[in-house]
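Asker: One file is attached below, start21.txt, containing compact mmCIF, C-alpha atoms.
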# COMPACT_ATOMS: atom_id res chain seq x y z
CA MET U 224 232.46 133.46 -32.78
CA ALA U 225 231.24 133.29 -29.21
CA ALA U 226 233.94 133.20 -26.57
CA VAL U 227 233.77 129.90 -24.80
CA PRO U 228 235.14 129.84 -21.27
CA THR U 229 237.93 127.30 -21.20
CA LYS U 230 237.85 126.71 -17.48
CA GLN U 231 234.44 125.61 -16.40
CA GLU U 232 235.61 123.20 -13.75
CA THR U 233 235.43 125.57 -10.84
CA GLU U 234 232.63 125.12 -8.42
CA ASP U 235 229.18 126.54 -9.16
CA GLU U 236 230.18 126.71 -12.79
CA ASP U 237 228.22 125.40 -15.68
CA TYR U 238 229.48 121.96 -16.61
CA SER U 239 227.51 121.82 -19.80
CA LEU U 240 229.34 120.71 -22.93
CA LEU U 241 226.56 121.98 -25.15
CA PRO U 242 228.05 125.46 -25.73
CA LEU U 243 231.18 123.82 -27.14
CA VAL U 244 229.12 121.55 -29.39
CA HIS U 245 227.15 124.58 -30.46
CA ASP U 246 230.34 126.46 -31.35
CA ILE U 247 231.49 123.53 -33.46
CA ILE U 248 228.21 123.40 -35.33
CA LYS U 249 228.35 127.17 -35.90
CA CYS U 250 231.86 126.84 -37.33
CA MET U 251 230.68 124.02 -39.56
CA ASP U 252 227.80 126.17 -40.78
CA LYS U 253 230.24 128.96 -41.61
CA ASP U 254 232.74 126.50 -43.09
CA SER U 255 235.21 128.16 -40.79
CA GLN U 256 238.72 126.78 -40.39
CA ASP U 257 238.29 127.17 -36.66
CA VAL U 258 236.30 123.96 -36.56
CA HIS U 259 239.39 121.88 -35.77
CA GLN U 260 240.30 124.22 -33.00
CA GLU U 261 236.77 123.98 -31.62
CA LEU U 262 236.85 120.21 -31.91
CA ASN U 263 240.09 120.15 -29.94
CA LYS U 264 238.53 122.38 -27.34
CA LEU U 265 235.70 119.90 -26.87
CA LYS U 266 238.13 117.00 -26.75
CA ASN U 267 240.30 118.73 -24.16
CA ARG U 268 237.26 119.77 -22.19
CA ILE U 269 236.06 116.17 -22.00
CA GLN U 270 239.51 114.94 -20.99
CA GLU U 271 239.80 117.60 -18.32
CA ALA U 272 236.38 116.70 -16.97
CA ARG U 273 237.40 113.04 -16.85
CA GLU U 274 240.57 113.82 -14.90
CA GLN U 275 238.66 116.11 -12.61
CA ILE U 276 236.09 113.40 -11.88
CA ILE U 277 238.82 110.86 -11.13
CA ALA U 278 240.47 113.28 -8.70
CA MET U 279 237.25 114.32 -6.94
CA PRO U 280 237.12 113.26 -3.28
CA GLY U 281 234.21 111.45 -1.73
CA ILE U 282 232.44 110.27 -4.86
CA ASP U 283 233.50 106.62 -4.61
CA LYS U 284 230.10 105.90 -3.13
CA SER U 285 226.56 106.65 -4.06
CA PRO U 286 225.09 109.65 -2.22
CA GLU U 287 222.81 107.31 -0.25
CA GLU U 288 225.71 105.19 0.96
CA GLN U 289 227.70 108.26 1.81
CA GLN U 290 224.83 109.77 3.75
CA GLN U 291 224.43 106.52 5.65
CA GLN U 292 228.12 106.55 6.51
CA LEU U 293 227.90 110.18 7.56
CA ARG U 294 224.97 109.40 9.85
CA THR U 295 226.92 106.51 11.38
CA LEU U 296 229.90 108.74 12.00
CA ARG U 297 227.78 111.46 13.57
CA GLU U 298 226.14 108.85 15.77
CA GLN U 299 229.56 107.53 16.79
CA VAL U 300 230.82 110.96 17.75
CA ARG U 301 227.61 111.62 19.68
CA THR U 302 227.82 108.31 21.55
CA LYS U 303 231.47 108.76 22.41
CA ASN U 304 230.87 112.32 23.56
CA GLN U 305 228.01 111.14 25.76
CA LEU U 306 230.17 108.39 27.19
CA LEU U 307 232.95 110.80 28.06
CA GLN U 308 230.50 113.31 29.47
CA LYS U 309 229.00 110.58 31.63
CA TYR U 310 232.37 109.67 33.08
CA LYS U 311 233.32 113.30 33.54
CA SER U 312 230.17 114.01 35.50
CA LEU U 313 230.63 110.97 37.74
CA CYS U 314 231.13 111.92 41.34
CA MET U 315 234.40 110.32 42.21
CA PHE U 316 233.56 110.03 45.88
CA ASP U 317 230.32 108.20 45.45
CA ILE U 318 230.59 104.57 46.36
CA PRO U 319 228.44 102.58 43.96
CA LYS U 320 225.99 100.30 45.65
CA ALA U 321 227.03 96.72 45.25
CA ILE B 12 223.31 103.97 -23.14
CA ALA B 13 223.84 102.96 -19.56
CA MET B 14 220.96 103.25 -17.18
CA ALA B 15 221.67 104.91 -13.89
CA VAL B 16 221.70 102.30 -11.17
CA PRO B 17 221.25 103.87 -7.75
CA GLU B 18 223.85 101.66 -6.12
CA ARG B 19 226.62 102.70 -8.49
CA SER B 20 229.09 105.24 -7.21
CA THR B 21 228.78 108.82 -8.38
CA LYS B 22 232.22 108.59 -9.98
CA GLU B 23 231.18 105.63 -12.12
CA ARG B 24 227.99 107.35 -13.15
CA LEU B 25 229.79 110.59 -14.00
CA LEU B 26 232.39 108.81 -16.11
CA SER B 27 229.72 106.80 -17.85
CA VAL B 28 227.65 109.93 -18.64
CA LEU B 29 230.79 111.69 -19.81
CA ASP B 30 231.54 108.78 -22.13
CA ASP B 31 227.97 109.03 -23.46
CA LEU B 32 228.42 112.76 -24.01
CA GLU B 33 231.64 112.19 -25.89
CA VAL B 34 230.10 109.53 -28.13
CA LEU B 35 226.91 111.48 -28.74
CA SER B 36 228.64 114.76 -29.54
CA ARG B 37 231.02 112.99 -31.92
CA GLU B 38 228.13 111.21 -33.58
CA LEU B 39 226.15 114.43 -33.92
CA ILE B 40 229.09 116.28 -35.43
CA GLU B 41 229.82 113.40 -37.81
CA ILE B 42 226.19 113.24 -38.97
CA LEU B 43 226.08 116.97 -39.45
CA ALA B 44 229.38 117.01 -41.32
CA LEU B 45 228.24 114.14 -43.51
CA SER B 46 224.92 115.80 -44.29
CA ARG B 47 226.72 119.03 -45.18
CA MET B 48 229.18 117.24 -47.49
CA GLN B 49 226.52 115.18 -49.23
CA LYS B 50 224.04 118.03 -49.05
CA LEU B 51 221.47 115.52 -47.85
CA PRO B 52 218.96 116.47 -45.26
CA GLN B 53 219.28 114.15 -42.25
CA GLN B 54 215.76 113.64 -41.12
CA GLY B 55 215.16 112.94 -37.50
CA GLU B 56 218.41 111.16 -36.66
CA ASP B 57 220.35 114.28 -35.73
CA THR B 58 217.45 115.62 -33.70
CA GLN B 59 217.24 112.35 -31.85
CA ILE B 60 220.92 112.42 -31.04
CA LEU B 61 220.71 116.06 -30.08
CA GLU B 62 217.87 115.29 -27.69
CA LEU B 63 219.91 112.51 -26.10
CA LEU B 64 222.89 114.79 -25.90
CA VAL B 65 220.88 117.48 -24.13
CA GLN B 66 219.45 114.89 -21.77
CA ARG B 67 222.86 113.47 -20.93
CA ASP B 68 224.28 116.94 -20.56
CA THR B 69 221.61 117.85 -18.04
CA GLU B 70 222.26 114.61 -16.22
CA PHE B 71 225.97 115.34 -16.20
CA GLN B 72 225.43 118.76 -14.67
CA GLU B 73 223.13 117.33 -12.03
CA LEU B 74 225.68 114.67 -11.21
CA MET B 75 228.47 117.23 -10.96
CA LYS B 76 226.38 119.13 -8.42
CA VAL B 77 225.84 115.91 -6.49
CA ALA B 78 229.58 115.22 -6.70
CA HIS B 79 230.35 118.62 -5.22
CA GLN B 80 227.92 118.01 -2.40
CA GLN B 81 229.52 114.65 -1.82
CA GLY B 82 232.89 116.37 -1.72
CA LYS B 83 231.59 118.62 1.04
CA ALA B 84 230.12 115.64 2.86
CA HIS B 85 233.46 113.92 2.48
CA GLN B 86 235.16 116.86 4.20
CA GLU B 87 232.69 116.67 7.03
CA MET B 88 233.29 112.93 7.30
CA GLN B 89 237.00 113.47 7.55
CA LEU B 90 236.46 115.95 10.36
CA LEU B 91 234.14 113.50 12.09
CA GLU B 92 236.66 110.71 11.70
CA LYS B 93 239.28 112.89 13.35
CA GLU B 94 236.81 113.63 16.12
CA VAL B 95 236.11 109.92 16.57
CA GLU B 96 239.84 109.23 16.72
CA LYS B 97 240.29 111.93 19.34
CA ARG B 98 237.39 110.62 21.39
CA ASP B 99 238.76 107.11 21.10
CA SER B 100 242.10 108.18 22.48
CA ASP B 101 240.30 110.07 25.27
CA ILE B 102 238.32 106.98 26.13
CA GLN B 103 241.42 104.84 26.07
CA GLN B 104 243.19 107.31 28.35
CA LEU B 105 240.23 107.22 30.70
CA GLN B 106 240.17 103.45 30.61
CA LYS B 107 243.86 103.39 31.50
CA GLN B 108 243.25 105.72 34.43
CA LEU B 109 240.31 103.64 35.62
CA LYS B 110 242.44 100.51 35.46
CA GLU B 111 245.11 102.24 37.50
CA ALA B 112 242.53 103.36 40.03
CA GLU B 113 241.13 99.86 40.18
CA HIS B 114 244.59 98.49 40.87
CA ILE B 115 245.24 101.04 43.60
CA LEU B 116 241.86 100.38 45.19
CA ALA B 117 242.35 96.62 45.01
CA THR B 118 245.69 96.97 46.75
CA ALA B 119 244.17 99.24 49.38
CA VAL B 120 241.31 96.81 49.97
CA TYR B 121 243.75 93.92 50.26
CA GLN B 122 245.89 95.83 52.74
CA ALA B 123 242.85 96.87 54.73
CA LYS B 124 241.69 93.27 54.88
CA GLU B 125 245.13 92.19 56.06
CA LYS B 126 245.00 94.88 58.70
CA LEU B 127 241.55 93.74 59.83
CA LYS B 128 242.86 90.19 60.00
CA SER B 129 245.77 91.22 62.19
CA ILE B 130 243.46 93.34 64.34
CA GLU B 131 241.20 90.32 64.76
CA LYS B 132 244.18 88.15 65.53
CA ALA B 133 245.46 90.63 68.09
CA ARG B 134 242.02 90.85 69.64
CA LYS B 135 241.84 87.07 70.02
CA GLY B 136 245.25 86.77 71.63
CA SER B 137 245.09 89.93 73.68
CA ILE B 138 247.47 90.27 76.59
CA SER B 139 246.83 92.58 79.47
CA SER B 140 249.03 95.64 79.63
CA GLU B 141 249.91 94.74 83.19
CA GLU B 142 251.49 91.55 82.00
CA ILE B 143 253.47 93.35 79.35
CA ILE B 144 254.74 95.87 81.88
CA LYS B 145 255.69 93.05 84.18
CA TYR B 146 257.57 91.40 81.39
CA ALA B 147 259.29 94.65 80.50
CA HIS B 148 260.38 95.03 84.11
CA ARG B 149 261.78 91.56 84.07
CA ILE B 150 263.76 92.26 80.92
CA SER B 151 265.10 95.58 82.16
CA ALA B 152 265.97 94.11 85.53
CA SER B 153 268.11 91.42 83.98
CA ASN B 154 271.06 93.63 83.03
CA ALA B 155 270.42 93.40 79.32
CA VAL B 156 272.45 96.53 78.55
CA CYS B 157 275.38 96.20 80.92
CA ALA B 158 276.51 93.81 83.58
CA PRO B 159 276.01 94.75 87.25
CA LEU B 160 279.00 96.52 88.70
CA ASN B 161 279.64 93.83 91.25
CA TRP B 162 279.51 91.01 88.72
CA VAL B 163 282.39 88.57 88.95
CA PRO B 164 282.99 85.34 87.08
CA GLY B 165 280.93 82.64 88.60
CA ASP B 166 278.02 84.92 89.16
CA PRO B 167 275.12 83.04 87.59
CA ARG B 168 273.26 86.18 86.59
CA ARG B 169 272.90 86.52 82.82
CA PRO B 170 271.63 89.30 80.60
CA TYR B 171 268.37 88.99 78.69
CA PRO B 172 267.68 86.82 76.73
CA THR B 173 268.81 84.05 78.99
CA ASP B 174 269.14 80.47 77.97
CA LEU B 175 265.68 79.70 79.31
CA GLU B 176 264.10 82.45 77.25
CA MET B 177 266.01 81.40 74.17
CA ARG B 178 264.80 77.87 74.63
CA SER B 179 261.18 78.90 75.07
CA GLY B 180 261.37 80.96 71.86
CA MET B 181 260.86 79.80 68.28
CA LEU B 182 264.55 79.15 67.67
CA GLY B 183 264.73 77.12 70.85
CA HIS B 184 261.78 75.01 69.77
CA MET B 185 263.37 74.39 66.42
CA ASN B 186 266.57 73.38 68.10
CA ASN B 187 264.70 71.08 70.48
CA LEU B 188 263.27 69.13 67.60
CA SER B 189 266.72 68.11 66.43
CA THR B 190 268.66 67.94 69.70
CA ASN B 191 265.99 66.91 72.12
CA GLY B 192 267.38 64.53 74.70
CA VAL B 193 271.00 65.38 73.97
CA ASN B 194 271.09 68.33 76.30
CA GLY B 195 271.18 66.82 79.69
CA HIS B 196 271.51 69.83 81.85
CA LEU B 197 269.30 72.77 82.54
CA PRO B 198 270.34 76.37 81.97
CA GLY B 199 272.01 78.37 84.64
CA ASP B 200 269.70 81.36 84.23
CA ALA B 201 266.86 79.29 85.51
CA LEU B 202 268.93 78.90 88.59
CA ALA B 203 269.59 82.61 88.68
CA ALA B 204 265.87 83.23 88.54
CA GLY B 205 265.62 80.98 91.55
CA ARG B 206 263.18 78.66 89.91
CA LEU B 207 265.24 75.50 90.09
CA PRO B 208 266.45 73.43 93.01
CA ASP B 209 270.17 73.44 93.69
CA VAL B 210 270.45 69.79 92.72
CA LEU B 211 269.94 70.75 89.11
CA THR B 212 272.69 73.35 89.09
CA PRO B 213 274.55 73.01 85.80
CA GLN B 214 278.27 72.53 85.64
CA TYR B 215 280.16 75.35 83.98
CA PRO B 216 283.77 75.36 82.92
CA TRP B 217 284.75 77.97 85.47
CA GLN B 218 283.10 76.04 88.21
CA SER B 219 284.93 72.83 87.42
CA SER B 220 288.44 74.34 87.66
CA ASP B 221 289.25 77.64 89.26
CA VAL B 222 288.05 81.19 88.99
CA SER B 223 291.06 82.28 86.95
CA VAL B 224 289.65 80.62 83.82
CA GLY B 225 286.93 83.22 83.66
CA MET B 226 289.51 85.95 84.02
CA LEU B 227 291.40 85.01 80.93
CA PRO B 228 291.95 87.87 78.49
CA PRO B 229 289.23 88.18 75.83
CA HIS B 230 291.38 86.84 73.00
CA HIS B 231 291.55 83.56 74.86
CA SER B 232 287.97 82.92 73.95
CA ASN B 233 289.05 82.75 70.33
CA ASP B 234 290.69 79.47 71.09
CA PHE B 235 287.31 78.04 71.86
CA ALA B 236 285.84 79.35 68.71
CA LEU B 237 288.68 78.07 66.59
CA GLU B 238 288.26 74.55 67.84
CA PRO B 239 286.58 72.22 65.38
CA PRO B 240 282.95 71.68 66.25
CA GLY B 241 282.38 68.60 68.32
CA HIS B 242 279.07 67.13 69.41
CA ASN B 243 276.25 69.22 70.74
CA LYS B 244 277.20 69.23 74.36
CA GLU B 245 280.67 70.52 73.73
CA ASN B 246 279.29 73.27 71.50
CA GLU B 247 276.98 74.31 74.19
CA ASP B 248 279.80 74.59 76.63
CA ASP B 249 281.61 76.80 74.15
CA VAL B 250 278.64 79.08 73.98
CA GLU B 251 278.45 79.27 77.73
CA ALA B 252 282.15 80.05 78.00
CA MET B 253 281.96 82.71 75.30
CA SER B 254 278.97 84.43 76.79
CA THR B 255 280.70 84.47 80.09
CA ASP B 256 283.76 85.88 78.48
CA SER B 257 281.92 88.70 76.80
CA SER B 258 280.10 89.47 80.04
CA SER B 259 283.33 89.55 81.94
CA SER B 260 285.03 91.72 79.35
CA SER B 261 282.18 94.18 79.43
CA SER B 262 282.33 94.28 83.18
CA ASP B 263 286.12 94.64 83.01
CA SER B 264 285.83 97.65 80.80
CA ASP B 265 283.70 99.40 83.40
Starting from the file, give its structure as structure tokens.
Answerer:
Amino acid sequence: MAAVPTKQETEDEDYSLLPLVHDIIKCMDKDSQDVHQELNKLKNRIQEAREQIIAMPGIDKSPEEQQQQLRTLREQVRTKNQLLQKYKSLCMFDIPKA
Amino acid sequence: IAMAVPERSTKERLLSVLDDLEVLSRELIEILALSRMQKLPQQGEDTQILELLVQRDTEFQELMKVAHQQGKAHQEMQLLEKEVEKRDSDIQQLQKQLKEAEHILATAVYQAKEKLKSIEKARKGSISSEEIIKYAHRISASNAVCAPLNWVPGDPRRPYPTDLEMRSGMLGHMNNLSTNGVNGHLPGDALAAGRLPDVLTPQYPWQSSDVSVGMLPPHHSNDFALEPPGHNKENEDDVEAMSTDSSSSSSDSD
């Protein structure tokens, strides 16, 4: 029986559930008693994935919305920086023309 | 099977695809188990489900990648939010300082304007320095600090400010408004300055009786002060007597 990695949640990992399904089918083909164990593995894997998704930060929006928000934030920081830079570079002894 | 709507959040889509995966894998396993128990070949149906399962699985993996990217973007957004907060506080600080500067400048401008006003006022009512010096001489010549050594009671000389000067001042004008006409006589200092004819010489207490009145010890003057205030003329006499007394006492002490 092929060893199925139990922790696939880490980043850059394969999130595919197919290997688990494949293992189950293999067990069924062999009439192995491990089939229940494999079924539990799949069940747990799905539950873990669900919990992981719920806990993931920043996915409450669609990527497009998030990108839009990110652009807005970058723009804000840029504007505020420019504003501050403008005031910093003001010559304090210059009398503005009325 | 839910269709992916672009506006849905990644979380919703992931959970929905995961649900699909769960249902499809269960269905596939059930079909396979059933076909094995009944020894019946399941034509097509299992392949169809398998295809869907593979498709959903691919979708799930893609979405997980997107979710990870969104997680990274989220981190960046948090950093940017902190940056915005910091800049906001900087701007507020700057605004506070500018307000303070504005206040200081406004005060300075106001004070400068007041100064210009007073300069203008002084320019309009300018007095020649000669006149001021003359006036200063007059004040210093009038024994303002101490009585002349040869002063004796009855001497009409008075220290500055004399009754005439007091009357010509603001207080004197205020007093004139209320007591105008009551004061019948003219001040003795005017006489001392030699500006009045002898006919107008005022009558003083010491002149009416004898010289010894003016030589009374200083505490005697208290009697005058303790007397209940009468009408204006009497009060004025009191003042005259007291001023005389103080002059005499100062000359006595010499």
Asker: Got a sec: who's within 12 Å of Asp252 (chain U), counting all atoms listed in the file, leaving out chain neighbours fewer than 5 positions off, as a PyMOL selection string?
Answerer: (chain U and resi 224+245-247+257-258) or (chain B and resi 40+43-44+46-48)
Asker: Can you sort out the box for region 103-122 of chain B, edges along x, y and z, all listed atoms in, 8 Å on every side, with centre and edge lengths in Å to one decimal, as AutoDock Vina command-line options?
Answerer:
--center_x 243.0 --center_y 100.6 --center_z 39.4 --size_x 21.7 --size_y 29.4 --size_z 42.7
Asker: CA of Asn263 (chain U) and CA of Ile248 (chain U), how far apart in Å?
Answerer: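 That distance, rounded to one decimal, is 13.4 Å.
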Asker: Between B:Met88, B:Leu182, B:Ile138, B:Ala158, single out the one closest to chain U, counting only C-alpha atoms.
Answerer: B:Met88
Asker: Ranking B:Ala84, B:Ala152, B:Leu105, B:Ala119 by minimum distance to Glu287 (chain U) and counting only C-alpha atoms, which one comes first?
Answerer: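 Using only C-alpha atoms, Glu287 (chain U) sits closest to B:Ala84.
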Asker: Counting all atoms listed in the file, a student should be able to say which residues of chain B come within 8 Å of chain U; what is the right answer, written as a PyMOL selection string?
Answerer: chain B and resi 17-23+25-26+29+33+36+40+43-44+65+68-69+71-72+75-79+81-82+84-85+88+91-92+94-95+98-99+101-102
Asker: Just to confirm, what's the straight-line distance from CA of Ile143 (chain B) to CA of Ala123 (chain B) in Å (one decimal)?
Answerer: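 Interatomic distance here is 27.0 Å.
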